[in-house]
Amino acid sequence: MNSTAAETREIDVLGTKYTPDAWTNATPSILDKAGRNLLHHESHPLSILKTLIFNEFPNFAHYDTLGPVVTTQQNFDSLGFAEDHPGRARTDTYYLNASHLLRTHTSAHQLQLLAAAHTNDNSVLVHAKNAQAAPNNERFLVAADVFRRDEIDASHYPVFHQMEGVCTLSHADVQKLAPSTPDDIVDIGPENPVQPGHTAEDVHKVAADMKRTMNRMVTRILTQATAAQRDAGSEATEFPVRWIPAYFPFTSPSWEMEVLFRGEWLEICGCGVMQQSILQNAHANDCIGWAFGFGLERLAMLLFSIPDIRLFWSTDPRFSNQFAPAQISSFRPFSKHPPCPKDVSFWISPDHSFHDNDLMDLVRDVAGDLAQDVKLVDEFVHPKTGRASRCYRINYCSMDRNVTHAEINDIQDRVRSRLVSEFGVTLR
């Protein structure tokens with residue numbers, strides 16, 4: 001994948017060029033992750049999990065090759081994000097320019113896929129697998145990499161993977177749904193309202209259909225996991241689920257689904273009844289729909305006992321050779337190397353904006369996956385000058401070899417130098 005800025009300063013992402021502007025903040029190290037296609041390596045834990053989920057939805061079209069660059073309209077406007085929503089901020093999102101960005105969620109493709117069948121957009125439909133199951137994209141799954149500026153630790157990474165599910169139903173289909181039972185009841189009320197134009201009866205039926213579908217998927221996958229990792233403490237065949245009222249711009253009512261797994265409540269996904277405006281814009285206003293979305297890494301880390309999210313990007317055969325297609329197995333650690341901590345302290349310049357994620361991206365750009373975690377350990381404001389000071393501790397640690405102090409000192413010097421040149425800080 002070519003993701004370099006040419007002499008014209010154009011940014012090349014998977015063969016398409018974008019002209020940078022004041023919004024541009026996607027770094028080379030992030031752009032280099034696009035096109036790695038972890039979901040297409042059939043023995044990779046994320047690909048194994050994706051395939052297991054696809055198999056649970058045989059009557060859905062499946063998408064896993066949609067490109068990572070979307071427009072701000074696709075990522076935010078089409079889903080009803082407010083203009084001042086924090087997700088739009090440069091501190092949260094990787095922009096190629098003011099109009100294009102690296103998608104922050106798979107929901108960015110909802111309207112595109114729903115509309116494609118009505119407009120016969122073959123540039124989109126060609127990506128469908130199992131298309132015959134839902135020829136009008138009335139039901140589909142999307143698995144893809146997503147990009148968000150984030151902290152550095154064992155469970156956060158600026159590139160991760162999501163699974164999106166969408167099911168639309170005609171009003172005739174809704175009437176054919178099985179009646180709701182006491183087990184299907186979910187909280188709907190003033191704080192989690194039915195949309196104007198929807199009836200409470202239809203919403204309860206649609207939510208119950210979504211709930212039964214999600215419960216079935218989660219139970220089957222977790223059952224496979226416990227069967228593969230059979231021991232005295234992991235023989236559960238039933239997994240209690242709870243539905244917590246939530247808010248998402250693109251669904252109402254909305255919930256977060258949590259499941260009790262190995263003694264802890266695990267947040268599986270956000271879900272809800274789709275905003276009718278999305279269906280209307282997709283020329284499907286005569287339908288009502290439900291949707292869900294969740295991160296694959298969080299679930300895969302539990303199912304495969306993977307302790308550090310960086311391992312998903314490892315090319316070390318001692319990692320990759322542990323897994324086989326269609327099988328859930330526990331990761332066996334192959335090395336343990338001590339971290340090398342380094343502190344960096346500085347005064348923030350009053351002439352430059354600075355956000356924690358600016359340091360996270362800078363460290364990732366310089367150190368790559370040698371950065372294990374970065375933590376703010378001290379901050380204060382000088383009582384006389386009003387200047388803010390911060391101190392961060394960077395733990396450097398390789399997953400497959402020992403690092404030397406000389407190597408890390410060189411990296412740390414480059415981090416310090418770029419903090420000064422790019423953010424105008426005064427080192428302490």
# chains A, B, ... in the order shown; residues from 1 in each chain; ligands from 1
call {"tool": "residues_around", "arguments": {"residues": "Ala61 of chain A", "least_positions_apart": "3", "cutoff": "12 Å", "atoms": "only C-alpha atoms", "output": "NGL selection string"}}
result
:A and (54-58 or 64 or 113-114 or 117 or 125-143 or 164-167)
call {"tool": "select_by_dssp", "arguments": {"residues": "segment 184-294 of chain A", "states": "strand (DSSP E or B)", "output": "ChimeraX atom specification"}}
result
/A:189,192,241-248,251-261,264-274,287-294
call {"tool": "closest_residue", "arguments": {"among": "A:Asp173, A:Asp400, A:Asp316, A:Asp153", "to": "His337 of chain A", "atoms": "only C-alpha atoms"}}
result
A:Asp400
call {"tool": "closest_residue", "arguments": {"among": "A:Gly67, A:Gly189, A:Pro307, A:Pro350", "to": "Ser123 of chain A", "atoms": "only C-alpha atoms"}}
result
A:Gly67
call {"tool": "residues_around", "arguments": {"residues": "segment 256-272 of chain A", "least_positions_apart": "4", "cutoff": "9 Å", "atoms": "only C-alpha atoms", "output": "number ranges by chain"}}
result
A: 207, 210-211, 214, 218, 222, 233-234, 236, 239-248, 250-252, 289-295, 298-299
call {"tool": "write_last_selection", "arguments": {"atoms": "N, CA, C and O atoms", "output": "compact mmCIF listing (two decimals), in the first residue's frame"}}
result
# COMPACT_ATOMS: atom_id res chain seq x y z
N ALA A 207 -37.82 -4.66 17.72
CA ALA A 207 -36.80 -4.80 18.76
C ALA A 207 -36.71 -6.24 19.24
O ALA A 207 -35.62 -6.75 19.52
N MET A 210 -34.77 -8.21 16.67
CA MET A 210 -33.35 -7.90 16.83
C MET A 210 -32.77 -8.61 18.04
O MET A 210 -31.69 -9.22 17.97
N LYS A 211 -33.48 -8.57 19.14
CA LYS A 211 -32.98 -9.17 20.38
C LYS A 211 -32.82 -10.68 20.23
O LYS A 211 -31.80 -11.24 20.64
N MET A 214 -29.75 -11.34 17.99
CA MET A 214 -28.48 -11.07 18.66
C MET A 214 -28.20 -12.11 19.74
O MET A 214 -27.07 -12.58 19.89
N VAL A 218 -24.79 -14.49 19.73
CA VAL A 218 -23.82 -14.44 20.82
C VAL A 218 -23.73 -15.78 21.54
O VAL A 218 -22.64 -16.27 21.84
N LEU A 222 -20.20 -17.89 21.76
CA LEU A 222 -19.60 -18.13 23.07
C LEU A 222 -19.64 -19.62 23.43
O LEU A 222 -18.74 -20.12 24.11
N GLY A 233 -13.87 -24.25 34.70
CA GLY A 233 -14.58 -22.99 34.89
C GLY A 233 -15.20 -22.44 33.63
O GLY A 233 -15.64 -21.30 33.64
N SER A 234 -15.25 -23.18 32.55
CA SER A 234 -15.75 -22.60 31.31
C SER A 234 -16.66 -23.57 30.56
O SER A 234 -16.50 -23.83 29.39
N ALA A 236 -20.10 -23.21 30.68
CA ALA A 236 -21.43 -22.63 30.58
C ALA A 236 -21.99 -22.82 29.18
O ALA A 236 -21.29 -22.72 28.19
N PHE A 239 -25.83 -18.01 28.57
CA PHE A 239 -25.12 -16.76 28.82
C PHE A 239 -26.15 -15.66 29.05
O PHE A 239 -26.74 -15.15 28.10
N PRO A 240 -26.37 -15.29 30.32
CA PRO A 240 -27.34 -14.24 30.61
C PRO A 240 -27.00 -12.95 29.86
O PRO A 240 -25.84 -12.57 29.74
N VAL A 241 -28.03 -12.30 29.35
CA VAL A 241 -27.87 -11.07 28.57
C VAL A 241 -28.71 -9.98 29.21
O VAL A 241 -29.81 -10.23 29.72
N ARG A 242 -28.18 -8.76 29.20
CA ARG A 242 -28.99 -7.63 29.63
C ARG A 242 -28.88 -6.51 28.59
O ARG A 242 -27.88 -6.40 27.90
N TRP A 243 -29.95 -5.74 28.51
CA TRP A 243 -30.07 -4.68 27.51
C TRP A 243 -30.16 -3.35 28.22
O TRP A 243 -31.12 -3.09 28.94
N ILE A 244 -29.17 -2.50 28.03
CA ILE A 244 -29.08 -1.23 28.74
C ILE A 244 -29.49 -0.10 27.80
O ILE A 244 -28.92 0.04 26.71
N PRO A 245 -30.47 0.71 28.15
CA PRO A 245 -30.85 1.84 27.29
C PRO A 245 -29.64 2.72 26.99
O PRO A 245 -28.80 2.97 27.86
N ALA A 246 -29.55 3.20 25.76
CA ALA A 246 -28.37 3.96 25.33
C ALA A 246 -28.81 5.04 24.35
O ALA A 246 -30.00 5.15 24.01
N TYR A 247 -27.83 5.83 23.89
CA TYR A 247 -28.12 6.84 22.87
C TYR A 247 -27.11 6.71 21.73
O TYR A 247 -25.90 6.64 21.96
N PHE A 248 -27.61 6.64 20.51
CA PHE A 248 -26.79 6.73 19.30
C PHE A 248 -27.53 7.64 18.33
O PHE A 248 -28.77 7.60 18.25
N PHE A 250 -28.00 7.47 15.27
CA PHE A 250 -28.62 6.84 14.11
C PHE A 250 -29.64 5.76 14.46
O PHE A 250 -30.13 5.07 13.57
N THR A 251 -29.97 5.60 15.75
CA THR A 251 -31.02 4.66 16.15
C THR A 251 -31.85 5.27 17.29
O THR A 251 -31.34 6.06 18.09
N SER A 252 -33.10 4.87 17.36
CA SER A 252 -33.97 5.24 18.48
C SER A 252 -35.25 4.42 18.39
O SER A 252 -35.91 4.42 17.34
N GLY A 289 -36.35 -0.66 10.26
CA GLY A 289 -35.17 -1.50 10.36
C GLY A 289 -34.52 -1.48 11.72
O GLY A 289 -34.78 -0.59 12.55
N TRP A 290 -33.69 -2.47 11.96
CA TRP A 290 -32.84 -2.48 13.15
C TRP A 290 -31.39 -2.66 12.73
O TRP A 290 -31.10 -3.13 11.62
N ALA A 291 -30.49 -2.24 13.60
CA ALA A 291 -29.06 -2.30 13.27
C ALA A 291 -28.25 -2.52 14.54
O ALA A 291 -28.68 -2.17 15.64
N PHE A 292 -27.09 -3.12 14.36
CA PHE A 292 -26.15 -3.28 15.47
C PHE A 292 -24.73 -3.06 14.96
O PHE A 292 -24.46 -3.14 13.76
N GLY A 293 -23.82 -2.80 15.88
CA GLY A 293 -22.41 -2.66 15.53
C GLY A 293 -21.54 -2.92 16.75
O GLY A 293 -21.91 -2.54 17.87
N PHE A 294 -20.40 -3.58 16.54
CA PHE A 294 -19.49 -3.81 17.67
C PHE A 294 -18.07 -4.03 17.16
O PHE A 294 -17.83 -4.33 15.99
N GLY A 295 -17.13 -3.85 18.07
CA GLY A 295 -15.72 -4.05 17.76
C GLY A 295 -15.33 -5.50 17.87
O GLY A 295 -15.66 -6.18 18.85
N ARG A 298 -12.25 -6.53 20.83
CA ARG A 298 -12.60 -6.76 22.24
C ARG A 298 -13.07 -8.19 22.46
O ARG A 298 -12.65 -8.86 23.41
N LEU A 299 -13.94 -8.66 21.57
CA LEU A 299 -14.45 -10.03 21.71
C LEU A 299 -13.36 -11.05 21.40
O LEU A 299 -13.22 -12.06 22.09
call {"tool": "closest_residue", "arguments": {"among": "A:Ser47, A:Thr65, A:Gln276, A:Asn25", "to": "Ser78 of chain A", "atoms": "only C-alpha atoms"}}
result
A:Gln276
call {"tool": "atom_distance", "arguments": {"atom1": "atom CA of Glu10 of chain A", "atom2": "atom CA of Gln110 of chain A"}}
result
28.6 Å
call {"tool": "closest_atom_pairs", "arguments": {"of": "segment 29-117 of chain A", "to": "segment 351-364 of chain A", "cutoff": "9 Å", "atoms": "only C-alpha atoms", "output": "tab-separated table"}}
result
residue	atom	partner	partner_atom	distance
A:Ser29	CA	A:Arg364	CA	7.1
A:Ile30	CA	A:Arg364	CA	8.5
A:Thr91	CA	A:Asn357	CA	6.4
A:Asp92	CA	A:Asn357	CA	7.8
call {"tool": "select_by_dssp", "arguments": {"residues": "segment 164-385 of chain A", "states": "alpha helix (DSSP H)", "output": "ChimeraX atom specification"}}
result
/A:171-176,200-228,276-281,296-303,317-320,356-367
call {"tool": "residues_around", "arguments": {"residues": "Ala178 of chain A", "least_positions_apart": "5", "cutoff": "9 Å", "atoms": "only C-alpha atoms", "output": "count of residues only"}}
result
3
call {"tool": "atom_distance", "arguments": {"atom1": "atom CA of Ser43 of chain A", "atom2": "atom CA of Leu302 of chain A"}}
result
17.0 Å
call {"tool": "closest_residue", "arguments": {"among": "A:His161, A:Lys50, A:His85, A:Arg103", "to": "Ile328 of chain A", "atoms": "only C-alpha atoms"}}
result
A:Lys50
call {"tool": "atom_distance", "arguments": {"atom1": "atom CA of Phe346 of chain A", "atom2": "atom CA of Ile309 of chain A"}}
result
29.0 Å
call {"tool": "residues_around", "arguments": {"residues": "Ser389 of chain A", "least_positions_apart": "4", "cutoff": "9 Å", "atoms": "only C-alpha atoms", "output": "list of chain:residue names"}}
result
A:Ser345, A:Phe346, A:Trp347, A:Ile348, A:Asp378, A:Glu379, A:Phe380, A:Val381, A:His382, A:Arg428
call {"tool": "closest_residue", "arguments": {"among": "A:Asp202, A:Phe334, A:Cys397, A:Pro193", "to": "Ser254 of chain A", "atoms": "only C-alpha atoms"}}
result
A:Pro193
